[in-house]
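Notes follow once the structure below has been shown.
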Amino acid sequence: MAFRRGLATLHLLSFLLGFLSSFGEGDLSLNYYLESCPRAEDIVKEEVAKLYHKHGNTAVSWVRNLFHDCMVKSCDASLLLKTTNSIISEQTSQRSFGMRNFKYITTIKDALERECPNTVSCADIVALSAREGVLWLGGPYIPMKTGRRDSKESHVEMVEDSIPDHNDSISLVLSRFQSVGIDTEGTVSLLGAHSVGRVHCVNIAGRLYPTIDPTIDPAYGEYLRGRCPTPNPDSREVLYSRNDRETPMVIDNMYYKNLLKNRGLLLVDQQLTSDATTSPFVELMAANNSYFHERFASALLLLSENNPLTIDQGEIRKDCRFVNAD
């Protein structure tokens, strides 16, 4: 009898140890660096604040970095890798057109390396800087978990099949987001990030020439032609229009209010109002900014946790631009 009780106890302990192992140190968690680098999140916060006060547009870059990194296979900082003899950077893809301010990731990484060498991953910097960027843009606080590790390879061959283009159909856009676990409501909320920043004329000229897209409010179309006066804009020149003229640097529901007035800047934006599956969410978010913020925070958090490398996968890069030397 004692033997059986002992055997049963052993089986129970084995089960519990196996169960608890799924919640080990390597998994994403809140305050992952509490012991290994207690000031890690404060340092990211401080550096982002300094950079924002010098270059306000960096806040938009932080948010876009997370989107472009996490939509492509994994939230693993593969986006940050530069082209070398063995790697072709994801930044070379046409989908990365207009992305900038990667050098400021290096600024944050350097500050963290001074405090805690070889400890904080570049992938976590992407996530935490996005969290802070959203706050500086007037958006909601998002409790980002940490514990990601960095990829040793680029996924450049997957970029165009992972990140929607500005003129893709809504059905394709929805399917891309669904592939990473984000539903229709979440997709509509994430497109609300287009309430900040600007779009190069290259990406909107097709809606303005030779004639203005009939789904664009005529007065708004004429305004856009003033911003983009040629059907063949030079991609090397700074020719752009703000996504939102009223609150151009605030993540808010003005984006959805503009869509209901036929003032969507990109084709993918305006299509949200004509698709039966997405239009109800546009109306809800246009009517309630708090509802939009809640859905946006939930969807961005979900995206930030897409297939991360953890525990003994990947590495902690010393320089976010290059894999570590063996």
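For the structure tokens, the naming scheme is as follows: chains receive sequential letters (A, B, ...) according to their order of presentation, residues are indexed from 1 within each chain, and ligands are indexed from 1 in presentation order.
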Open item on the list: I want to know what sits within 10 Å of A:Thr187, based on only C-alpha atoms, with residues of the same chain fewer than 4 positions away left out; could you give that as a list in words?
Closed with: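 Residues meeting the cut-off are Val173, Leu174, Ser175, Arg176, Phe177, Gln178, Ile182, Asp183, Leu191, Gly192, Thr278, Phe281, Arg295, Phe296, Ala299 and Leu300 of chain A.
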Next, the residues of the selection above should be written as a short mmCIF file (atom, residue, chain, number, x, y, z; two decimals), in the first residue's frame with all heavy atoms.
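Generated file (out.cif):
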data_model
loop_
_atom_site.label_atom_id
_atom_site.label_comp_id
_atom_site.auth_asym_id
_atom_site.auth_seq_id
_atom_site.Cartn_x
_atom_site.Cartn_y
_atom_site.Cartn_z
N VAL A 173 -6.35 41.20 -47.22
CA VAL A 173 -5.84 41.81 -45.99
C VAL A 173 -6.32 41.02 -44.78
O VAL A 173 -5.54 40.69 -43.87
CB VAL A 173 -6.28 43.28 -45.88
CG1 VAL A 173 -5.91 43.86 -44.52
CG2 VAL A 173 -5.64 44.11 -47.00
N LEU A 174 -7.60 40.70 -44.76
CA LEU A 174 -8.16 39.95 -43.64
C LEU A 174 -7.51 38.58 -43.51
O LEU A 174 -7.22 38.11 -42.40
CB LEU A 174 -9.67 39.79 -43.80
CG LEU A 174 -10.50 41.07 -43.66
CD1 LEU A 174 -11.96 40.79 -44.01
CD2 LEU A 174 -10.39 41.65 -42.26
N SER A 175 -7.25 37.93 -44.63
CA SER A 175 -6.65 36.60 -44.58
C SER A 175 -5.22 36.65 -44.05
O SER A 175 -4.78 35.74 -43.34
CB SER A 175 -6.66 35.94 -45.96
OG SER A 175 -5.77 36.59 -46.86
N ARG A 176 -4.50 37.73 -44.39
CA ARG A 176 -3.11 37.87 -43.90
C ARG A 176 -3.11 38.01 -42.37
O ARG A 176 -2.28 37.41 -41.68
CB ARG A 176 -2.45 39.08 -44.55
CG ARG A 176 -2.22 38.93 -46.06
CD ARG A 176 -0.98 38.06 -46.34
NE ARG A 176 -0.92 37.64 -47.73
CZ ARG A 176 -0.46 38.36 -48.74
NH1 ARG A 176 -0.03 39.60 -48.52
NH2 ARG A 176 -0.42 37.87 -49.96
N PHE A 177 -4.02 38.82 -41.86
CA PHE A 177 -4.08 39.00 -40.41
C PHE A 177 -4.60 37.74 -39.72
O PHE A 177 -4.14 37.39 -38.63
CB PHE A 177 -4.94 40.21 -40.06
CG PHE A 177 -4.22 41.52 -40.18
CD1 PHE A 177 -4.35 42.30 -41.33
CD2 PHE A 177 -3.40 41.98 -39.17
CE1 PHE A 177 -3.67 43.51 -41.45
CE2 PHE A 177 -2.72 43.18 -39.27
CZ PHE A 177 -2.85 43.95 -40.42
N GLN A 178 -5.56 37.08 -40.36
CA GLN A 178 -6.09 35.85 -39.76
C GLN A 178 -5.02 34.78 -39.65
O GLN A 178 -5.04 33.94 -38.73
CB GLN A 178 -7.27 35.34 -40.60
CG GLN A 178 -8.53 36.18 -40.43
CD GLN A 178 -9.58 35.90 -41.49
OE1 GLN A 178 -9.37 35.11 -42.40
NE2 GLN A 178 -10.72 36.57 -41.37
N ILE A 182 -5.38 37.10 -35.87
CA ILE A 182 -6.12 38.34 -35.62
C ILE A 182 -7.40 38.34 -36.44
O ILE A 182 -7.36 38.21 -37.67
CB ILE A 182 -5.24 39.56 -35.94
CG1 ILE A 182 -4.04 39.58 -35.00
CG2 ILE A 182 -6.04 40.86 -35.81
CD1 ILE A 182 -3.03 40.66 -35.29
N ASP A 183 -8.53 38.50 -35.78
CA ASP A 183 -9.83 38.42 -36.45
C ASP A 183 -10.19 39.73 -37.16
O ASP A 183 -9.40 40.69 -37.18
CB ASP A 183 -10.93 38.02 -35.46
CG ASP A 183 -11.12 39.02 -34.32
OD1 ASP A 183 -10.60 40.15 -34.40
OD2 ASP A 183 -11.79 38.66 -33.33
N LEU A 191 -5.64 48.67 -38.47
CA LEU A 191 -5.54 49.63 -39.58
C LEU A 191 -5.75 51.05 -39.07
O LEU A 191 -5.37 52.02 -39.73
CB LEU A 191 -6.54 49.28 -40.68
CG LEU A 191 -6.16 48.06 -41.53
CD1 LEU A 191 -7.28 47.71 -42.49
CD2 LEU A 191 -4.87 48.32 -42.31
N GLY A 192 -6.32 51.18 -37.88
CA GLY A 192 -6.47 52.50 -37.26
C GLY A 192 -5.13 53.15 -36.95
O GLY A 192 -5.08 54.36 -36.66
N THR A 278 -16.46 44.38 -42.58
CA THR A 278 -15.65 45.36 -41.84
C THR A 278 -16.39 46.67 -41.53
O THR A 278 -16.08 47.34 -40.54
CB THR A 278 -14.37 45.70 -42.63
OG1 THR A 278 -14.73 46.19 -43.94
CG2 THR A 278 -13.48 44.48 -42.78
N PHE A 281 -17.68 47.52 -37.95
CA PHE A 281 -16.64 47.86 -36.98
C PHE A 281 -16.14 49.29 -37.20
O PHE A 281 -15.78 49.99 -36.25
CB PHE A 281 -15.49 46.86 -37.05
CG PHE A 281 -15.88 45.47 -36.66
CD1 PHE A 281 -15.78 44.42 -37.56
CD2 PHE A 281 -16.38 45.20 -35.39
CE1 PHE A 281 -16.15 43.13 -37.21
CE2 PHE A 281 -16.75 43.92 -35.02
CZ PHE A 281 -16.63 42.87 -35.93
N ARG A 295 -9.85 47.76 -28.52
CA ARG A 295 -9.65 46.76 -29.57
C ARG A 295 -8.24 46.86 -30.17
O ARG A 295 -7.62 45.85 -30.50
CB ARG A 295 -10.71 46.93 -30.66
CG ARG A 295 -12.14 46.79 -30.17
CD ARG A 295 -12.57 45.35 -29.97
NE ARG A 295 -11.94 44.67 -28.85
CZ ARG A 295 -12.30 44.84 -27.57
NH1 ARG A 295 -13.27 45.69 -27.25
NH2 ARG A 295 -11.70 44.17 -26.61
N PHE A 296 -7.76 48.08 -30.32
CA PHE A 296 -6.42 48.30 -30.86
C PHE A 296 -5.36 47.71 -29.93
O PHE A 296 -4.44 47.00 -30.37
CB PHE A 296 -6.17 49.80 -31.05
CG PHE A 296 -4.80 50.14 -31.57
CD1 PHE A 296 -4.49 50.03 -32.91
CD2 PHE A 296 -3.79 50.57 -30.70
CE1 PHE A 296 -3.22 50.34 -33.40
CE2 PHE A 296 -2.52 50.89 -31.16
CZ PHE A 296 -2.24 50.77 -32.52
N ALA A 299 -5.46 43.85 -30.08
CA ALA A 299 -4.93 43.30 -31.33
C ALA A 299 -3.43 43.47 -31.44
O ALA A 299 -2.72 42.57 -31.90
CB ALA A 299 -5.64 43.95 -32.52
N LEU A 300 -2.92 44.63 -31.01
CA LEU A 300 -1.47 44.86 -31.10
C LEU A 300 -0.73 43.95 -30.13
O LEU A 300 0.35 43.45 -30.45
CB LEU A 300 -1.14 46.33 -30.82
CG LEU A 300 0.26 46.77 -31.28
CD1 LEU A 300 0.34 46.73 -32.81
CD2 LEU A 300 0.60 48.17 -30.79
#
Open item on the list: Can you tell me which residues surround A:Pro248 at a distance of at most 7 Å, considering only C-alpha atoms, apart from same-chain residues fewer than 5 positions away, and format the answer as a ChimeraX atom specification?
Closed with: /A:195-197,242-243
Open item on the list: For a quick check of understanding, using only C-alpha atoms, which of A:Val180, A:Ala193, A:Ile43, A:Val48 has the smallest distance to A:Asn306?
Closed with: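 The answer is A:Val180, which sits nearest to A:Asn306.
Of the listed residues (A:Ser235, A:Asn118, A:Thr146, A:Asn167), A:Thr146 comes nearest to A:Leu309; the distances count only C-alpha atoms.
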TODO: Measure the distance from atom CA of A:Ala205 to atom CA of A:Val72 in Å and round it to one decimal.
DONE: 27.2 Å
- [ ] Name the residues of stretch 229-263 of chain A that come out as helix (DSSP H, G or I) in a backbone DSSP run; write them as an MDAnalysis selection string.
- [x] chainID A and resid 254:260
